[in-house]
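Below is one structure, written out as structure tokens, with a few remarks after it.
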Amino acid sequence: MRRPLWSLCALLLLACNVASSTTRVLTPVPGTQTVTITVGPFDIHRRYRSMEGPYVLEKIRISDLVAKKDSVLSAKRVKYVEGGTYASMTGAQTDTVPIHCSTRRRTLYWLRSMSLEVLDEKDQPMPTAEFICHMNLDVDSAFRNQVFPESTPCSVERLLTLTQGQTTVRFPEGYGIPIASDESWTFTFQAANRTTDEHRVLRHRLKIELVEDKDLLEPMQALAWVTPYLSVVVDKNSPEARAKELKDMPGCLPTTLGLAAPNSVPGTNFDSWCGQRRTGHWVVAPGRHTYQTGVPELHVPDDRVLRMVWSHVHPLMESCALVDCATRQPLLTVKSSTRTRPGLEIERIDLLEFPQGLTLKSNTNFELQSTYDNTTGVGQDSMVTMGLFFDDLKFARPKWVMENQNEDVNCAIPNQRKPADPVVDLPLFDKAKDGPLLTEDQQVTLMTTKGPIQLVLEPKLAPVTATQIYRLLKAGAYDQTQVTRYDPNFVLQFANAEQKAGGRSLEKSQAKLLRRLPLEAHPEPLHQKNVLSMARYQDPTSGVSSFSILLWNAPHLDGQYTVFGHVGSDAQTQATIAALCKDFRPNEQVITGAR
């Protein structure tokens with residue numbers, strides 16, 4: 001059963017082996033690399049309810065975090081949520097995702113810890129986390145299953161959440177999450193304000209500790225994870241649905257009835273496996289209330305040995321427990337405390353660690369139970385999510401590690417459009433409406449600040465892509481578009497046509513020409529030096545206007561990316577490319593025109 005994606009968080013912890021994330025001393029292991037992401041500033045101009053306020057969503061490759069060390073996600077990326085709706089804080093942006101694909105060799109790293117802090121108007125760390133809602137970290141589970149074939153299959157995208165009351169997660173010594181250097185993580189940073197009417201302009205700073213596998217001095221045990229969450233029934237609670245729930249989860253109590261929070265974010269409401277309509281964000285009336293739901297994803301054929309549990313909850317949660325439905329005994333319990341004056345602020349959420357291991361027995365039914373004590377006199381919204389990390393006994397280092405990292409990274413020439421500004425809003429190229437398609441090769445001289453480059457567009461390779469790029473070039477859509485990326489012996493990349501120097505924009509007539517392009521890939525070895533290759537995201541139809549000149553053969557891109565032409569072999573073209581690469585700095589050089 002696939003759970004919905006939404007801004008969740010919550011976990012559990014036992015009375016023993018509990019660590020406070022605000023007081024724990026972190027001792028990095030030898031070889032640790034610390035990278036940071038600074039986000040904002042967030043303009044906090046009023047109080048926000050839970051699940052509301054300014055946020056930034058960004059997808060970043062691990063190798064880029066390591067190469068850059070200190071990344072900045074500026075105010076251009078800030079959006080906000082109000083009343084369950086999303087809007088841009090600063091208007092439409094075409095800010096570039098900081099992706100450079102800094103290495104062509106896949107490298108194994110281990111995630112050791114993450115911590116989040118708030119920076120005040122003077123960029124000084126604040127003593128409290130009152131202006132943090134959460135930082136959610138999601139992975140690409142399909143990619144991880146591909147690059148780590150000998151491991152517990154990854155079925156959960158939410159890796160962890162840092163939140164008010166639990167701003168640091170560090171794995172026990174000797175344990176970590178294996179990471180491939182070319183995998184990408186999706187970060188969601190959201191600010192909060194429940195405590196003051198004062199106007200504040202603040203930033204968040206995330207610190208990530210990684211260790212490269214080759215730098216380890218002691219063995220590292222891989223961890224896998226699962227993130228159960230608590231839901232309540234809001235509708236479609238037929239007798240048949242209740243009977244199926246109790247039959248499938250014997251010993252567990254029926255899922256509690258509840259009301260969906262009025263400002264629930266998209267994806268929060270869903271249909272359960274037994275047919276009920278549920279929500280993961282619900283209203284807590286004044287007083288003390290207990291909620292429970294069975295978690296079928298924890299019913300597995302093998303024992304699991306837990307090492308750590310994080311939690312993401314809302315203010316006023318008192319406790320949350322993972323209960324063995326057969327014995328009705330809590331296996332672990334997380335407690336939380338909330339300050340209610342001058343506003344709601346979570347002071348602490350227990351972080352559970354189990355250095356000796358805590359076993360979840362196979363073929364056992366578990367349920368989540370949580371108690372909220374609402375002392376405010378008005379309804380409040382709530383949620384509970386748990387992050388359980390357990391030994392991955394199936395993990396083995398992949399061949400690309402054991403064979404001296406002898407595998408090229410699929411750098412996937414990424415489209416430079418922001419993930420938060422989805423290209424799905426653009427129409428897909430329609431041959432009937434957007435044609436006619438080119439039938440003959442077309443030569444275009446691309447003028448840059450370093451000289452001319454002869455392009456040859458080849459419709460026999462990719463008729464739709466060649467036609468579309470030719471149409472944009474002739475319309476002047478690339479004028480002042482930036483040269484955004486250079487990877488030695490790999491690619492020189494031009495940004496999306498709308499990413500221009502000086503903050504310029506496409507003309508309306510040019511913007512109307514933008515289309516998403518189908519993947520026109522071939523299994524033959526086409527990705528060779530001097531070819532033109534389209535950029536895209538993971539969706540095969542997410543290419544629009546960003547493309548690259550390959551500086552060397554890249555067979556790992558064959559069959560996955562569209563080749564639509566090549567650059568000339570003349571001396572002037574090659575000299576211009578060399579000049580653009582020399583002392584390259586992102587976005588300083590631009591296209592000046594095409595003829």
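Naming works like this for the structure tokens: A, B, ... for the chains as they're shown, residue 1 at the start of each chain, ligands 1 onward in shown order.
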Could you give me, as an mmCIF file with C-alpha atoms, in the first residue's frame, the residues within 9 Å of Gly287 in chain A, counting only C-alpha atoms and dropping anything in the same chain fewer than 5 positions from it?
data_model
loop_
_atom_site.group_PDB
_atom_site.id
_atom_site.type_symbol
_atom_site.label_atom_id
_atom_site.label_comp_id
_atom_site.auth_asym_id
_atom_site.auth_seq_id
_atom_site.Cartn_x
_atom_site.Cartn_y
_atom_site.Cartn_z
ATOM 1 C CA TYR A 372 -3.095 15.250 22.759
ATOM 2 C CA ASP A 373 -3.927 17.556 25.684
ATOM 3 C CA ASN A 374 -5.497 20.685 24.212
ATOM 4 C CA THR A 375 -5.509 23.316 26.960
ATOM 5 C CA THR A 376 -6.117 26.302 24.661
ATOM 6 C CA GLY A 377 -9.926 26.213 24.739
#
Residue neighbourhood Glu507 in chain A, 12 Å, only C-alpha atoms, exclusion window fewer than 2 positions, as an MDAnalysis selection string: chainID A and resid 472 475:479 497:498 500 504:505 509:514
Selected residues written out with N, CA, C and O atoms, as a CSV table (one decimal), in the first residue's frame:
chain,number,residue,atom,x,y,z
A,472,LEU,N,12.6,28.0,-31.5
A,472,LEU,CA,13.0,28.9,-30.5
A,472,LEU,C,14.2,29.8,-30.8
A,472,LEU,O,14.2,31.0,-30.5
A,475,ALA,N,13.2,32.5,-33.2
A,475,ALA,CA,12.3,33.5,-32.6
A,475,ALA,C,13.1,34.4,-31.6
A,475,ALA,O,12.5,35.3,-31.0
A,476,GLY,N,14.4,34.1,-31.4
A,476,GLY,CA,15.2,34.9,-30.5
A,476,GLY,C,15.0,34.6,-29.1
A,476,GLY,O,15.3,35.4,-28.2
A,477,ALA,N,14.4,33.4,-28.8
A,477,ALA,CA,14.0,33.1,-27.4
A,477,ALA,C,15.3,32.8,-26.6
A,477,ALA,O,15.2,33.0,-25.3
A,478,TYR,N,16.4,32.5,-27.2
A,478,TYR,CA,17.7,32.3,-26.4
A,478,TYR,C,18.5,33.5,-26.3
A,478,TYR,O,19.6,33.4,-25.6
A,479,ASP,N,18.1,34.6,-26.8
A,479,ASP,CA,18.9,35.9,-26.6
A,479,ASP,C,19.1,36.2,-25.2
A,479,ASP,O,18.1,36.3,-24.4
A,497,ALA,N,15.6,28.7,-21.8
A,497,ALA,CA,15.5,30.0,-22.6
A,497,ALA,C,15.1,31.1,-21.7
A,497,ALA,O,15.5,32.3,-21.9
A,498,GLU,N,14.2,30.9,-20.7
A,498,GLU,CA,13.7,32.0,-19.9
A,498,GLU,C,14.7,32.4,-18.8
A,498,GLU,O,14.4,33.4,-18.0
A,500,LYS,N,17.6,34.3,-18.1
A,500,LYS,CA,18.4,35.3,-18.8
A,500,LYS,C,19.2,36.2,-17.9
A,500,LYS,O,18.8,36.4,-16.7
A,504,ARG,N,16.1,39.5,-17.2
A,504,ARG,CA,15.2,39.7,-18.3
A,504,ARG,C,14.2,38.6,-18.4
A,504,ARG,O,14.5,37.5,-17.9
A,505,SER,N,13.1,38.8,-19.2
A,505,SER,CA,12.1,37.8,-19.4
A,505,SER,C,11.9,37.5,-20.9
A,505,SER,O,12.3,38.4,-21.7
A,509,SER,N,5.3,36.6,-26.9
A,509,SER,CA,5.2,35.7,-28.1
A,509,SER,C,6.2,34.6,-28.1
A,509,SER,O,6.0,33.5,-28.6
A,510,GLN,N,7.4,34.8,-27.4
A,510,GLN,CA,8.4,33.7,-27.3
A,510,GLN,C,7.9,32.7,-26.2
A,510,GLN,O,8.1,31.5,-26.4
A,511,ALA,N,7.4,33.2,-25.1
A,511,ALA,CA,6.9,32.3,-24.0
A,511,ALA,C,5.8,31.4,-24.5
A,511,ALA,O,5.7,30.2,-24.1
A,512,LYS,N,5.0,31.9,-25.4
A,512,LYS,CA,3.9,31.0,-26.0
A,512,LYS,C,4.4,29.9,-26.8
A,512,LYS,O,3.7,28.9,-27.0
A,513,LEU,N,5.7,29.9,-27.2
A,513,LEU,CA,6.3,28.9,-28.0
A,513,LEU,C,6.8,27.7,-27.2
A,513,LEU,O,7.0,26.6,-27.7
A,514,LEU,N,6.9,27.9,-25.8
A,514,LEU,CA,7.5,26.8,-25.0
A,514,LEU,C,6.6,25.6,-25.0
A,514,LEU,O,5.4,25.7,-24.8
Every residue of range 32-171 of chain A that DSSP places in strand (DSSP E or B), as a PyMOL selection string: chain A and resi 32-44+53-61+70-73+79-82+85-88+105+108-119+125+132-139+158-163+166+168-170
For Asp487 in chain A, the nearest of the candidates A:Leu517, A:Asp303, A:Ser238, A:Asp64, counting only C-alpha atoms: A:Asp64
Close residues, Cys252 in chain A itself excluded, 9 Å, only C-alpha atoms, min 4 positions apart in chain, as an MDAnalysis selection string: chainID A and resid 245:246 292:294 323:326 328 365:367
Backbone DSSP call of helix (DSSP H, G or I) for range 275-444 of chain A, listed as a PyMOL selection string: chain A and resi 296-298+399-402+423-425+431-434
Selected residue of minimal separation from Leu368 in chain A among A:Thr196, A:Gln480, A:Ser231, A:Asn263, counting only C-alpha atoms: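 Ranked by minimum distance to Leu368 in chain A, first place goes to A:Ser231.
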Among listed residues A:Lys399, A:Leu202, A:Thr449, A:Val491, nearest Trp552 in chain A (using only C-alpha atoms): A:Val491
Name the residues in contact with range 103-116 of chain A at a cut-off of 6 Å, using only C-alpha atoms, excluding same-chain residues fewer than 2 positions from it; report them as a tab-separated table (two decimals) with N, CA, C and O atoms, in the first residue's frame.
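Saved as out-v4.tsv:
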chain	number	residue	atom	x	y	z
A	101	CYS	N	26.69	18.48	-11.24
A	101	CYS	CA	27.18	17.12	-11.50
A	101	CYS	C	28.70	17.12	-11.45
A	101	CYS	O	29.39	16.91	-12.44
A	167	THR	N	15.46	19.26	16.61
A	167	THR	CA	16.17	19.90	15.51
A	167	THR	C	17.45	19.18	15.10
A	167	THR	O	18.12	19.62	14.18
A	168	THR	N	17.77	18.09	15.79
A	168	THR	CA	18.97	17.32	15.45
A	168	THR	C	18.65	15.84	15.45
A	168	THR	O	17.98	15.34	16.36
A	169	VAL	N	19.10	15.14	14.42
A	169	VAL	CA	19.03	13.68	14.38
A	169	VAL	C	20.43	13.18	14.06
A	169	VAL	O	21.02	13.57	13.04
A	170	ARG	N	20.98	12.36	14.95
A	170	ARG	CA	22.30	11.77	14.73
A	170	ARG	C	22.20	10.28	14.99
A	170	ARG	O	21.69	9.85	16.02
A	171	PHE	N	22.68	9.49	14.06
A	171	PHE	CA	22.58	8.04	14.20
A	171	PHE	C	23.59	7.54	15.23
A	171	PHE	O	24.66	8.13	15.41
A	176	GLY	N	24.67	4.26	9.88
A	176	GLY	CA	24.45	5.36	8.95
A	176	GLY	C	23.59	4.93	7.78
A	176	GLY	O	23.26	3.75	7.61
A	177	ILE	N	23.22	5.90	6.96
A	177	ILE	CA	22.43	5.66	5.75
A	177	ILE	C	23.36	5.69	4.55
A	177	ILE	O	24.04	6.71	4.32
A	178	PRO	N	23.46	4.61	3.76
A	178	PRO	CA	24.31	4.65	2.56
A	178	PRO	C	23.69	5.54	1.50
A	178	PRO	O	22.47	5.52	1.28
A	179	ILE	N	24.53	6.32	0.82
A	179	ILE	CA	24.06	7.29	-0.17
A	179	ILE	C	24.97	7.23	-1.39
A	179	ILE	O	26.20	7.19	-1.26
A	180	ALA	N	24.39	7.25	-2.57
A	180	ALA	CA	25.15	7.37	-3.81
A	180	ALA	C	25.34	8.84	-4.14
A	180	ALA	O	24.42	9.65	-3.98
A	181	SER	N	26.53	9.21	-4.60
A	181	SER	CA	26.84	10.61	-4.84
A	181	SER	C	25.94	11.25	-5.89
A	181	SER	O	25.74	12.46	-5.90
A	205	ARG	N	19.28	27.27	8.60
A	205	ARG	CA	20.54	26.68	8.15
A	205	ARG	C	20.58	25.22	8.56
A	205	ARG	O	20.47	24.89	9.74
A	206	LEU	N	20.74	24.38	7.55
A	206	LEU	CA	20.81	22.94	7.76
A	206	LEU	C	22.26	22.49	7.66
A	206	LEU	O	22.96	22.84	6.71
A	207	LYS	N	22.71	21.71	8.64
A	207	LYS	CA	24.05	21.12	8.61
A	207	LYS	C	23.92	19.62	8.44
A	207	LYS	O	23.15	18.97	9.15
A	208	ILE	N	24.68	19.08	7.49
A	208	ILE	CA	24.62	17.66	7.16
A	208	ILE	C	26.02	17.08	7.32
A	208	ILE	O	26.98	17.61	6.77
A	209	GLU	N	26.13	16.00	8.07
A	209	GLU	CA	27.42	15.33	8.24
A	209	GLU	C	27.44	14.04	7.40
A	209	GLU	O	26.57	13.18	7.53
A	210	LEU	N	28.44	13.94	6.53
A	210	LEU	CA	28.63	12.79	5.66
A	210	LEU	C	30.03	12.24	5.83
A	210	LEU	O	30.96	12.99	6.14
A	211	VAL	N	30.19	10.95	5.61
A	211	VAL	CA	31.52	10.33	5.60
A	211	VAL	C	31.63	9.54	4.30
A	211	VAL	O	30.75	8.72	4.00
A	212	GLU	N	32.71	9.78	3.55
A	212	GLU	CA	32.93	8.99	2.34
A	212	GLU	C	33.40	7.60	2.74
A	212	GLU	O	34.17	7.43	3.68
A	213	ASP	N	32.91	6.61	2.02
A	213	ASP	CA	33.18	5.22	2.39
A	213	ASP	C	34.67	4.92	2.48
A	213	ASP	O	35.12	4.21	3.38
A	408	ASP	N	30.60	4.89	-14.40
A	408	ASP	CA	30.28	6.28	-14.65
A	408	ASP	C	28.92	6.62	-14.05
A	408	ASP	O	27.99	5.82	-14.10
A	409	VAL	N	28.81	7.81	-13.53
A	409	VAL	CA	27.56	8.28	-12.97
A	409	VAL	C	26.62	8.68	-14.10
A	409	VAL	O	27.04	9.28	-15.08
Selected residue, from A:Thr573, A:Thr385, A:Thr128, A:Thr592, that lies nearest to Leu473 in chain A when counting only C-alpha atoms: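 Nearest to Leu473 in chain A: A:Thr592.
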Tyr291 in chain A environment, 10 Å, only C-alpha atoms, sequence neighbours closer than 4 positions dropped, as a list in words: Leu230, Ser231, Val232, Leu253, Pro254, Thr255, Thr256, Leu257, Gly258, Val284, Cys320, Leu368, Gln369, Ser370, Thr371, Tyr372 and Val384 of chain A
Spatial neighbours of Ser533 in chain A, 8 Å, only C-alpha atoms, chain gap at least 5 places, as a ChimeraX atom specification: /A:527,547-550,561-565
May I have the selected residues written with N, CA, C and O atoms, as a tab-separated table (two decimals), in the first residue's frame?
chain	number	residue	atom	x	y	z
A	527	HIS	N	25.49	9.45	-27.84
A	527	HIS	CA	26.03	10.48	-26.96
A	527	HIS	C	27.57	10.48	-27.02
A	527	HIS	O	28.25	9.90	-26.18
A	547	PHE	N	19.69	22.73	-23.05
A	547	PHE	CA	20.41	21.65	-23.73
A	547	PHE	C	21.90	21.79	-23.49
A	547	PHE	O	22.38	22.82	-23.02
A	548	SER	N	22.64	20.72	-23.83
A	548	SER	CA	24.07	20.67	-23.56
A	548	SER	C	24.86	20.29	-24.81
A	548	SER	O	24.34	19.60	-25.70
A	549	ILE	N	26.11	20.73	-24.83
A	549	ILE	CA	27.10	20.25	-25.78
A	549	ILE	C	27.96	19.25	-25.04
A	549	ILE	O	28.54	19.57	-23.99
A	550	LEU	N	28.02	18.03	-25.55
A	550	LEU	CA	28.86	17.03	-24.90
A	550	LEU	C	30.33	17.27	-25.26
A	550	LEU	O	30.68	17.43	-26.42
A	561	TYR	N	18.26	10.04	-23.00
A	561	TYR	CA	18.20	11.46	-23.32
A	561	TYR	C	18.22	11.64	-24.83
A	561	TYR	O	18.72	10.79	-25.57
A	562	THR	N	17.67	12.75	-25.27
A	562	THR	CA	17.48	13.00	-26.70
A	562	THR	C	18.68	13.71	-27.31
A	562	THR	O	19.04	14.81	-26.87
A	563	VAL	N	19.27	13.11	-28.31
A	563	VAL	CA	20.29	13.77	-29.14
A	563	VAL	C	19.59	14.33	-30.37
A	563	VAL	O	18.89	13.60	-31.08
A	564	PHE	N	19.76	15.64	-30.62
A	564	PHE	CA	19.02	16.26	-31.73
A	564	PHE	C	19.93	16.99	-32.72
A	564	PHE	O	19.45	17.71	-33.59
A	565	GLY	N	21.26	16.81	-32.59
A	565	GLY	CA	22.17	17.46	-33.53
A	565	GLY	C	23.59	17.42	-33.02
A	565	GLY	O	23.93	16.65	-32.11
Of the listed residues A:His299, A:Lys335, A:Arg242, A:His312, that which approaches Met386 in chain A most closely, counting only C-alpha atoms: A:His312
Best match for closeness to Gln468 in chain A among A:Met135, A:Leu580, A:Leu526, A:Val544, counting only C-alpha atoms: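 Ranking A:Met135, A:Leu580, A:Leu526, A:Val544 by distance to Gln468 in chain A, first place goes to A:Val544.
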